[in-house]
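Working notes, beginning with the structure itself.
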There are 2 protein chains.
Amino acid sequence: MSGLRERKKAATRAALSWAAIRLTVERGFEAVKVEDIAEAASVSPRTFNNYFASKAEAIVSRHLDRSRRVARALRARPSQEPLWTAIGAAVQEQFAPEPGVGRSPETSPAGWASGLRAMLAEPALQGELLRAGAVAQADLAAAVAERTGTDLDRDMYPHLVAAAVGAAVSVVTQHFLRAGPGVPVDRLLAEALARIAAGLPTP
Amino acid sequence: MSGLRERKKAATRAALSWAAIRLTVERGFEAVKVEDIAEAASVSPRTFNNYFASKAEAIVSRHLDRSRRVARALRARPSQEPLWTAIGAAVQEQFAPEPGVGRSPETSPAGWASGLRAMLAEPALQGELLRAGAVAQADLAAAVAERTGTDLDRDMYPHLVAAAVGAAVSVVTQHFLRAGPGVPVDRLLAEALARIAAGLPTP
DNA sequence: CGCAAATATGCGCGCCCCGCAACTTCTCCG
DNA sequence: CGGAGAAGTTGCGGGGCGCGCATATTTGCG
């Protein structure tokens, strides 16, 4: 069912989200009006709100989509694989650095990075970002429950695993933004997940 | 420095937060206007925004305060105590059920509980709640760094520990609201923390 | 008691989010 | 292939909200 309609809708959604991100990184969250985003996506302001309930939602939309794919990736792993091995692979698969994407041609890498930091420092964005993480965790918990034969309603286990994975991703992201790209993301992710799977003993 | 000024300010803040919570539980988030909260606290609407930047912030304020106390409690534990023992105690200390508090005299326990659920289901609230958790985690990470002699900027370890604890608290809360008070909170918390400290092995 | 600082309040602006009612574009089936 | 109907877009308008600014009031202190 990928008619013209669906494709156009997806395109508009992506254009809006991308415009929201780009403009916010360039000018700052407060300085970007919904009208600007709509215009950048060649759409009426009213239409913006048909796709997203807020500026923050639009900006976070990409992160949300990517995070939700982790659960799908986990289901695709062979079922005889140990849980934490499968989780590690599923996460790496989604958070691998995408070649070429993620920067506007007009902006210098340095300016982009600092704009990104400023954007992620925005309180309104942080809340939305964490909410996106929570949504993704619900998906992931379901996948974990399937794989381990636990009950989503009665057992805390799948929720704990999902929350721990979310915590790892979040911590790695923050660390990466704080310390800069000295160490590649996949190494950091592997380290974080390994520590958690080891019970976080005092080093 | 606890002059009349400070005490009055704290009282107003508490009154506003409490009014926000009570009214939201009774009527629902959308149905409560800032004006109502201000009136319930005998304060002008403009003053509300001198204390809180949004309705959500006011509602979450109590949860935030409580969560931040965990770090303080951890510092107060004897330093020869094993890390996870100390953390368990510090968390339990803050999230122990408070006798008598937490309900308006006018409302039935059942109505209050269902109102609470509805309130916590509100997207805007969830974001703010998670943000509060993130703030508390920063405090907690600092306390963990002190205790374990790790570096907040260079090591992910203290952040991972704090995030894991936050995840545990969050999961327990959700489970408690989902399954009802069949099992006491302190048992659930103990179980969640124990599982994390054990590395979340598949059960 | 009286002044300086902190706080509370009133006013007004700009923006955001959404419901509603046309209007346009796509889909699907006879 | 053509027209009915579904789905998407847009303009309009309103209710609230968050906040800057100026003013009035209260508190702390000498």
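Scheme for the structure tokens: letters A, B, ... for chains in order shown; per-chain residue numbers from 1; ligand numbers from 1 in order shown.
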Produce a table with one row for each residue of chain D that has an atom at most 9 Å from any atom of chain B, each row naming the nearest atom pair and its distance in Å at one decimal; use only C-alpha atoms (C1' of nucleotides); arrange rows by chain and rising residue number; format as JSON lines.
```
{"residue": "D:DG16", "atom": "C1'", "partner": "B:Lys33", "partner_atom": "CA", "distance": 8.2}
{"residue": "D:DC17", "atom": "C1'", "partner": "B:Ser54", "partner_atom": "CA", "distance": 8.2}
{"residue": "D:DG18", "atom": "C1'", "partner": "B:Ala53", "partner_atom": "CA", "distance": 7.0}
{"residue": "D:DC19", "atom": "C1'", "partner": "B:Asn49", "partner_atom": "CA", "distance": 8.3}
{"residue": "D:DT27", "atom": "C1'", "partner": "B:Arg5", "partner_atom": "CA", "distance": 6.9}
{"residue": "D:DG28", "atom": "C1'", "partner": "B:Gly3", "partner_atom": "CA", "distance": 8.7}
```
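With only C-alpha atoms (C1' of nucleotides) taken into account, the protein and nucleic acid residues at most 10 Å from DT9 of chain D (excluding it and anything under 5 positions from it in its own chain) are Val43, Ser44, Arg46, Thr47 and Asn50 of chain A; DC23, DT24 and DT25 of chain C.
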Generate the output file for the selected residues, N, CA and C atoms (P, O5', C5', C4', C3', O3' and C1' of nucleotides), as a compact mmCIF listing (two decimals), in the first residue's frame.
```
# COMPACT_ATOMS: atom_id res chain seq x y z
N VAL A 43 4.98 24.42 2.86
CA VAL A 43 3.70 23.94 3.36
C VAL A 43 3.11 25.03 4.24
N SER A 44 1.80 25.04 4.38
CA SER A 44 1.19 26.07 5.22
C SER A 44 1.44 25.78 6.70
N ARG A 46 -0.54 25.84 9.08
CA ARG A 46 -1.56 24.97 9.65
C ARG A 46 -1.24 23.50 9.41
N THR A 47 -0.66 23.21 8.27
CA THR A 47 -0.34 21.82 7.94
C THR A 47 0.74 21.26 8.85
N ASN A 50 -0.72 19.51 11.51
CA ASN A 50 -1.38 18.26 11.17
C ASN A 50 -0.40 17.10 11.31
P DC C 23 -15.53 26.72 -1.08
O5' DC C 23 -14.17 25.98 -1.46
C5' DC C 23 -12.93 26.52 -0.99
C4' DC C 23 -11.79 25.60 -1.33
C3' DC C 23 -11.92 24.91 -2.70
O3' DC C 23 -10.72 25.14 -3.42
C1' DC C 23 -11.39 23.33 -1.02
P DT C 24 -10.68 24.62 -5.01
O5' DT C 24 -9.58 23.49 -4.93
C5' DT C 24 -8.34 23.75 -4.26
C4' DT C 24 -7.56 22.46 -4.08
C3' DT C 24 -7.37 21.63 -5.35
O3' DT C 24 -5.99 21.31 -5.46
C1' DT C 24 -8.20 20.27 -3.60
P DT C 25 -5.43 20.60 -6.82
O5' DT C 25 -5.14 19.11 -6.34
C5' DT C 25 -4.34 18.91 -5.18
C4' DT C 25 -4.42 17.46 -4.76
C3' DT C 25 -4.16 16.45 -5.89
O3' DT C 25 -3.19 15.53 -5.44
C1' DT C 25 -6.11 15.88 -4.70
```
Identify which of the residues C:DC26, C:DC16, C:DA6, C:DA21 lies closest to DG8 of chain D, counting only C-alpha atoms (C1' of nucleotides) when measuring atom-to-atom distances.
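Nearest candidate to DG8 of chain D out of C:DC26, C:DC16, C:DA6, C:DA21: C:DC26.
Atom CA of Ala132 of chain A is found 7.4 Å from atom CA of Val60 of chain A.
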Counting only C-alpha atoms (C1' of nucleotides), which residues from chain C have an atom at most 12 Å from any atom of chain B, and could you show them as a ChimeraX atom specification?
/C:5-11
If you keep N, CA, C and O atoms (P, O5', C5', C4', C3', O3' and C1' of nucleotides), can you produce a file of those selected residues as a PDB file, in the first residue's frame?
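Contents of part-v2.pdb, freshly written:
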```pdb
ATOM      1  P    DA C   5      20.045  48.131  46.879  1.00  0.00           P
ATOM      2  O5'  DA C   5      19.349  46.717  47.113  1.00  0.00           O
ATOM      3  C5'  DA C   5      19.645  45.969  48.301  1.00  0.00           C
ATOM      4  C4'  DA C   5      18.627  44.851  48.451  1.00  0.00           C
ATOM      5  C3'  DA C   5      18.351  44.101  47.152  1.00  0.00           C
ATOM      6  O3'  DA C   5      18.325  42.712  47.411  1.00  0.00           O
ATOM      7  C1'  DA C   5      16.327  44.907  48.080  1.00  0.00           C
ATOM      8  P    DA C   6      18.319  41.648  46.215  1.00  0.00           P
ATOM      9  O5'  DA C   6      16.967  40.842  46.486  1.00  0.00           O
ATOM     10  C5'  DA C   6      16.673  40.435  47.807  1.00  0.00           C
ATOM     11  C4'  DA C   6      15.171  40.208  47.955  1.00  0.00           C
ATOM     12  C3'  DA C   6      14.553  39.347  46.843  1.00  0.00           C
ATOM     13  O3'  DA C   6      13.765  38.339  47.452  1.00  0.00           O
ATOM     14  C1'  DA C   6      13.317  41.342  47.097  1.00  0.00           C
ATOM     15  P    DT C   7      13.272  37.115  46.575  1.00  0.00           P
ATOM     16  O5'  DT C   7      11.712  37.425  46.442  1.00  0.00           O
ATOM     17  C5'  DT C   7      10.968  37.704  47.613  1.00  0.00           C
ATOM     18  C4'  DT C   7       9.652  38.342  47.250  1.00  0.00           C
ATOM     19  C3'  DT C   7       8.857  37.596  46.170  1.00  0.00           C
ATOM     20  O3'  DT C   7       7.639  37.176  46.747  1.00  0.00           O
ATOM     21  C1'  DT C   7       8.813  39.936  45.826  1.00  0.00           C
ATOM     22  P    DA C   8       6.572  36.379  45.895  1.00  0.00           P
ATOM     23  O5'  DA C   8       5.529  37.536  45.568  1.00  0.00           O
ATOM     24  C5'  DA C   8       4.852  38.173  46.641  1.00  0.00           C
ATOM     25  C4'  DA C   8       3.754  39.082  46.101  1.00  0.00           C
ATOM     26  C3'  DA C   8       2.829  38.425  45.084  1.00  0.00           C
ATOM     27  O3'  DA C   8       1.488  38.803  45.361  1.00  0.00           O
ATOM     28  C1'  DA C   8       3.906  40.305  44.100  1.00  0.00           C
ATOM     29  P    DT C   9       0.329  38.202  44.472  1.00  0.00           P
ATOM     30  O5'  DT C   9       0.110  39.373  43.419  1.00  0.00           O
ATOM     31  C5'  DT C   9      -0.094  40.707  43.888  1.00  0.00           C
ATOM     32  C4'  DT C   9      -0.171  41.679  42.738  1.00  0.00           C
ATOM     33  C3'  DT C   9      -1.084  41.243  41.582  1.00  0.00           C
ATOM     34  O3'  DT C   9      -2.140  42.173  41.482  1.00  0.00           O
ATOM     35  C1'  DT C   9       0.961  42.169  40.807  1.00  0.00           C
ATOM     36  P    DG C  10      -3.383  41.905  40.567  1.00  0.00           P
ATOM     37  O5'  DG C  10      -3.093  42.893  39.343  1.00  0.00           O
ATOM     38  C5'  DG C  10      -2.803  44.265  39.613  1.00  0.00           C
ATOM     39  C4'  DG C  10      -2.532  45.011  38.318  1.00  0.00           C
ATOM     40  C3'  DG C  10      -3.423  44.628  37.138  1.00  0.00           C
ATOM     41  O3'  DG C  10      -3.800  45.812  36.442  1.00  0.00           O
ATOM     42  C1'  DG C  10      -1.155  44.287  36.559  1.00  0.00           C
ATOM     43  P    DC C  11      -4.801  45.759  35.229  1.00  0.00           P
ATOM     44  O5'  DC C  11      -3.823  45.822  33.973  1.00  0.00           O
ATOM     45  C5'  DC C  11      -2.780  46.807  33.943  1.00  0.00           C
ATOM     46  C4'  DC C  11      -1.977  46.652  32.666  1.00  0.00           C
ATOM     47  C3'  DC C  11      -2.773  46.195  31.449  1.00  0.00           C
ATOM     48  O3'  DC C  11      -2.518  47.089  30.386  1.00  0.00           O
ATOM     49  C1'  DC C  11      -0.843  44.854  31.726  1.00  0.00           C
TER      50       DC C  11
END
```
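Excluding segment 186-200 of chain A and any residue on its chain fewer than 4 positions from it, the residues at most 6 Å away by only C-alpha atoms (C1' of nucleotides) are Ala168 of chain A; Ile196, Ala197, Ala198 and Gly199 of chain B.
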Restrict the distance test to only C-alpha atoms, flag each residue of chain A within 7 Å of chain B, and return the flagged residues as a list in words.
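Every residue of chain A that passes the 7 Å test is in Gln126, Gly127, Glu128, Leu130, Arg131, Thr148, Met156, His159, Leu160, Val161, Ala163, Ala164, Ala167, Ala168, Val171, His175, Ile196, Ala197, Ala198, Gly199, Leu200 and Thr202 of chain A.
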Segment 13-111 of chain B: which residues are alpha helix (DSSP H) by DSSP, as a CSV table (one decimal) with N, CA and C atoms, in the first residue's frame?
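See result.csv below for the written result:
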```csv
chain,number,residue,atom,x,y,z
B,13,ARG,N,5.5,28.2,47.1
B,13,ARG,CA,5.9,27.2,46.1
B,13,ARG,C,5.2,25.9,46.4
B,14,ALA,N,5.2,25.5,47.6
B,14,ALA,CA,4.5,24.2,47.9
B,14,ALA,C,3.0,24.3,47.7
B,15,ALA,N,2.4,25.4,48.1
B,15,ALA,CA,1.0,25.6,47.9
B,15,ALA,C,0.6,25.5,46.4
B,16,LEU,N,1.4,26.2,45.6
B,16,LEU,CA,1.2,26.1,44.1
B,16,LEU,C,1.3,24.7,43.6
B,17,SER,N,2.4,24.1,43.9
B,17,SER,CA,2.6,22.7,43.4
B,17,SER,C,1.5,21.8,43.9
B,18,TRP,N,1.1,21.9,45.1
B,18,TRP,CA,0.1,21.0,45.7
B,18,TRP,C,-1.3,21.3,45.0
B,19,ALA,N,-1.6,22.6,44.8
B,19,ALA,CA,-2.8,22.9,44.2
B,19,ALA,C,-2.8,22.4,42.7
B,20,ALA,N,-1.7,22.5,42.1
B,20,ALA,CA,-1.6,22.0,40.7
B,20,ALA,C,-1.9,20.5,40.6
B,21,ILE,N,-1.3,19.8,41.5
B,21,ILE,CA,-1.5,18.4,41.6
B,21,ILE,C,-2.9,18.0,41.9
B,22,ARG,N,-3.5,18.6,42.9
B,22,ARG,CA,-4.8,18.2,43.4
B,22,ARG,C,-5.8,18.5,42.3
B,23,LEU,N,-5.8,19.7,41.7
B,23,LEU,CA,-6.7,20.1,40.7
B,23,LEU,C,-6.6,19.2,39.5
B,24,THR,N,-5.4,18.9,39.1
B,24,THR,CA,-5.2,18.1,37.9
B,24,THR,C,-5.7,16.7,38.1
B,25,VAL,N,-5.5,16.1,39.3
B,25,VAL,CA,-6.0,14.8,39.6
B,25,VAL,C,-7.5,14.8,39.6
B,26,GLU,N,-8.1,15.8,40.1
B,26,GLU,CA,-9.6,15.9,40.1
B,26,GLU,C,-10.2,16.1,38.8
B,27,ARG,N,-9.6,17.0,38.0
B,27,ARG,CA,-10.3,17.5,36.8
B,27,ARG,C,-9.7,17.1,35.5
B,34,VAL,N,-4.1,27.8,34.5
B,34,VAL,CA,-3.2,28.4,35.4
B,34,VAL,C,-3.9,29.3,36.4
B,35,GLU,N,-4.9,30.0,35.9
B,35,GLU,CA,-5.6,30.9,36.8
B,35,GLU,C,-6.2,30.1,38.0
B,36,ASP,N,-6.7,28.9,37.7
B,36,ASP,CA,-7.3,28.1,38.8
B,36,ASP,C,-6.3,27.8,39.9
B,37,ILE,N,-5.1,27.4,39.4
B,37,ILE,CA,-4.1,27.0,40.4
B,37,ILE,C,-3.7,28.2,41.2
B,38,ALA,N,-3.5,29.3,40.5
B,38,ALA,CA,-3.1,30.5,41.2
B,38,ALA,C,-4.2,30.9,42.3
B,39,GLU,N,-5.4,30.8,41.9
B,39,GLU,CA,-6.5,31.2,42.8
B,39,GLU,C,-6.5,30.2,44.0
B,40,ALA,N,-6.3,28.9,43.7
B,40,ALA,CA,-6.3,27.9,44.8
B,40,ALA,C,-5.2,28.2,45.8
B,45,PRO,N,-2.2,35.2,39.1
B,45,PRO,CA,-1.8,34.3,38.0
B,45,PRO,C,-0.3,34.6,37.6
B,46,ARG,N,0.0,35.9,37.5
B,46,ARG,CA,1.3,36.3,37.1
B,46,ARG,C,2.4,35.7,38.1
B,47,THR,N,2.1,35.6,39.3
B,47,THR,CA,3.0,35.1,40.3
B,47,THR,C,3.3,33.6,40.1
B,48,PHE,N,2.3,32.9,39.6
B,48,PHE,CA,2.5,31.5,39.3
B,48,PHE,C,3.7,31.3,38.5
B,49,ASN,N,3.8,32.1,37.4
B,49,ASN,CA,4.9,32.0,36.5
B,49,ASN,C,6.2,32.6,37.0
B,50,ASN,N,6.2,33.2,38.2
B,50,ASN,CA,7.4,33.6,38.8
B,50,ASN,C,8.0,32.3,39.5
B,51,TYR,N,7.2,31.4,39.8
B,51,TYR,CA,7.7,30.2,40.5
B,51,TYR,C,7.9,29.0,39.5
B,55,LYS,N,2.6,24.7,33.8
B,55,LYS,CA,1.8,23.8,34.6
B,55,LYS,C,2.5,22.5,34.9
B,56,ALA,N,3.1,21.9,33.9
B,56,ALA,CA,3.8,20.7,34.1
B,56,ALA,C,4.9,20.8,35.1
B,57,GLU,N,5.6,21.8,35.1
B,57,GLU,CA,6.8,22.0,36.0
B,57,GLU,C,6.3,22.1,37.4
B,58,ALA,N,5.1,22.8,37.6
B,58,ALA,CA,4.6,22.9,39.0
B,58,ALA,C,4.2,21.5,39.5
B,59,ILE,N,3.5,20.7,38.7
B,59,ILE,CA,3.0,19.4,39.1
B,59,ILE,C,4.2,18.5,39.4
B,60,VAL,N,5.2,18.5,38.6
B,60,VAL,CA,6.3,17.6,38.8
B,60,VAL,C,7.3,18.0,40.0
B,61,SER,N,7.1,19.3,40.4
B,61,SER,CA,8.1,19.8,41.3
B,61,SER,C,8.3,18.9,42.6
B,62,ARG,N,7.3,18.3,43.1
B,62,ARG,CA,7.4,17.5,44.3
B,62,ARG,C,8.3,16.3,44.0
B,63,HIS,N,8.0,15.6,42.9
B,63,HIS,CA,8.7,14.5,42.4
B,63,HIS,C,10.2,14.8,42.3
B,64,LEU,N,10.4,16.0,41.7
B,64,LEU,CA,11.8,16.4,41.5
B,64,LEU,C,12.5,16.6,42.8
B,65,ASP,N,11.9,17.3,43.7
B,65,ASP,CA,12.5,17.5,45.0
B,65,ASP,C,12.9,16.1,45.7
B,66,ARG,N,12.0,15.2,45.7
B,66,ARG,CA,12.2,13.9,46.3
B,66,ARG,C,13.3,13.2,45.6
B,67,SER,N,13.3,13.2,44.3
B,67,SER,CA,14.4,12.5,43.6
B,67,SER,C,15.8,13.1,43.9
B,68,ARG,N,15.8,14.4,44.0
B,68,ARG,CA,17.1,15.0,44.2
B,68,ARG,C,17.7,14.6,45.6
B,69,ARG,N,16.8,14.3,46.5
B,69,ARG,CA,17.2,14.0,47.8
B,69,ARG,C,18.0,12.6,47.9
B,70,VAL,N,17.8,11.8,46.8
B,70,VAL,CA,18.5,10.5,46.8
B,70,VAL,C,20.0,10.7,46.8
B,71,ALA,N,20.5,11.6,46.1
B,71,ALA,CA,22.0,11.9,46.0
B,71,ALA,C,22.5,12.3,47.4
B,72,ARG,N,21.7,13.2,48.0
B,72,ARG,CA,22.1,13.6,49.4
B,72,ARG,C,22.1,12.5,50.3
B,73,ALA,N,21.1,11.6,50.2
B,73,ALA,CA,21.0,10.4,51.1
B,73,ALA,C,22.2,9.5,50.9
B,74,LEU,N,22.6,9.4,49.6
B,74,LEU,CA,23.7,8.5,49.3
B,74,LEU,C,25.0,9.0,50.0
B,75,ARG,N,25.2,10.3,50.0
B,75,ARG,CA,26.4,10.9,50.6
B,75,ARG,C,26.4,10.6,52.1
B,76,ALA,N,25.2,10.5,52.7
B,76,ALA,CA,25.1,10.4,54.1
B,76,ALA,C,25.3,8.9,54.5
B,83,LEU,N,28.8,-0.1,47.4
B,83,LEU,CA,28.0,0.9,46.6
B,83,LEU,C,26.5,0.5,46.5
B,84,TRP,N,26.2,-0.7,46.1
B,84,TRP,CA,24.8,-1.0,45.8
B,84,TRP,C,24.0,-1.1,47.0
B,85,THR,N,24.6,-1.5,48.1
B,85,THR,CA,23.9,-1.5,49.4
B,85,THR,C,23.5,-0.1,49.8
B,86,ALA,N,24.5,0.8,49.7
B,86,ALA,CA,24.2,2.2,50.0
B,86,ALA,C,23.2,2.8,49.1
B,87,ILE,N,23.2,2.5,47.8
B,87,ILE,CA,22.3,3.0,46.9
B,87,ILE,C,20.8,2.5,47.2
B,88,GLY,N,20.8,1.2,47.5
B,88,GLY,CA,19.5,0.7,47.9
B,88,GLY,C,18.9,1.4,49.1
B,89,ALA,N,19.7,1.6,50.1
B,89,ALA,CA,19.2,2.3,51.3
B,89,ALA,C,18.8,3.7,51.0
B,90,ALA,N,19.6,4.4,50.2
B,90,ALA,CA,19.3,5.8,49.9
B,90,ALA,C,18.0,5.9,49.1
B,91,VAL,N,17.8,5.1,48.2
B,91,VAL,CA,16.5,5.1,47.4
B,91,VAL,C,15.3,4.8,48.3
B,92,GLN,N,15.4,3.7,49.0
B,92,GLN,CA,14.3,3.3,49.8
B,92,GLN,C,13.9,4.4,50.8
B,93,GLU,N,14.9,5.1,51.3
B,93,GLU,CA,14.7,6.1,52.3
B,93,GLU,C,13.8,7.2,51.7
B,94,GLN,N,14.0,7.5,50.5
B,94,GLN,CA,13.3,8.7,49.9
B,94,GLN,C,11.9,8.2,49.3
B,95,PHE,N,11.8,7.0,48.9
B,95,PHE,CA,10.6,6.6,48.3
B,95,PHE,C,9.7,5.7,49.2
B,109,PRO,N,-10.3,7.4,47.8
B,109,PRO,CA,-9.0,6.7,47.4
B,109,PRO,C,-9.0,6.2,46.0
B,110,ALA,N,-10.1,5.6,45.6
B,110,ALA,CA,-10.2,5.0,44.3
B,110,ALA,C,-10.2,6.1,43.2
B,111,GLY,N,-11.0,7.2,43.5
B,111,GLY,CA,-11.0,8.3,42.5
B,111,GLY,C,-9.7,8.9,42.4
```
Rounded to one decimal place, report the atom CA of Glu98 of chain A-atom CA of Val185 of chain A distance in Å.
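Between atom CA of Glu98 of chain A and atom CA of Val185 of chain A the gap works out to 11.7 Å.
Rounded to one decimal, atom CA of Arg77 of chain B and atom CA of Ala145 of chain B lie 14.3 Å from each other.
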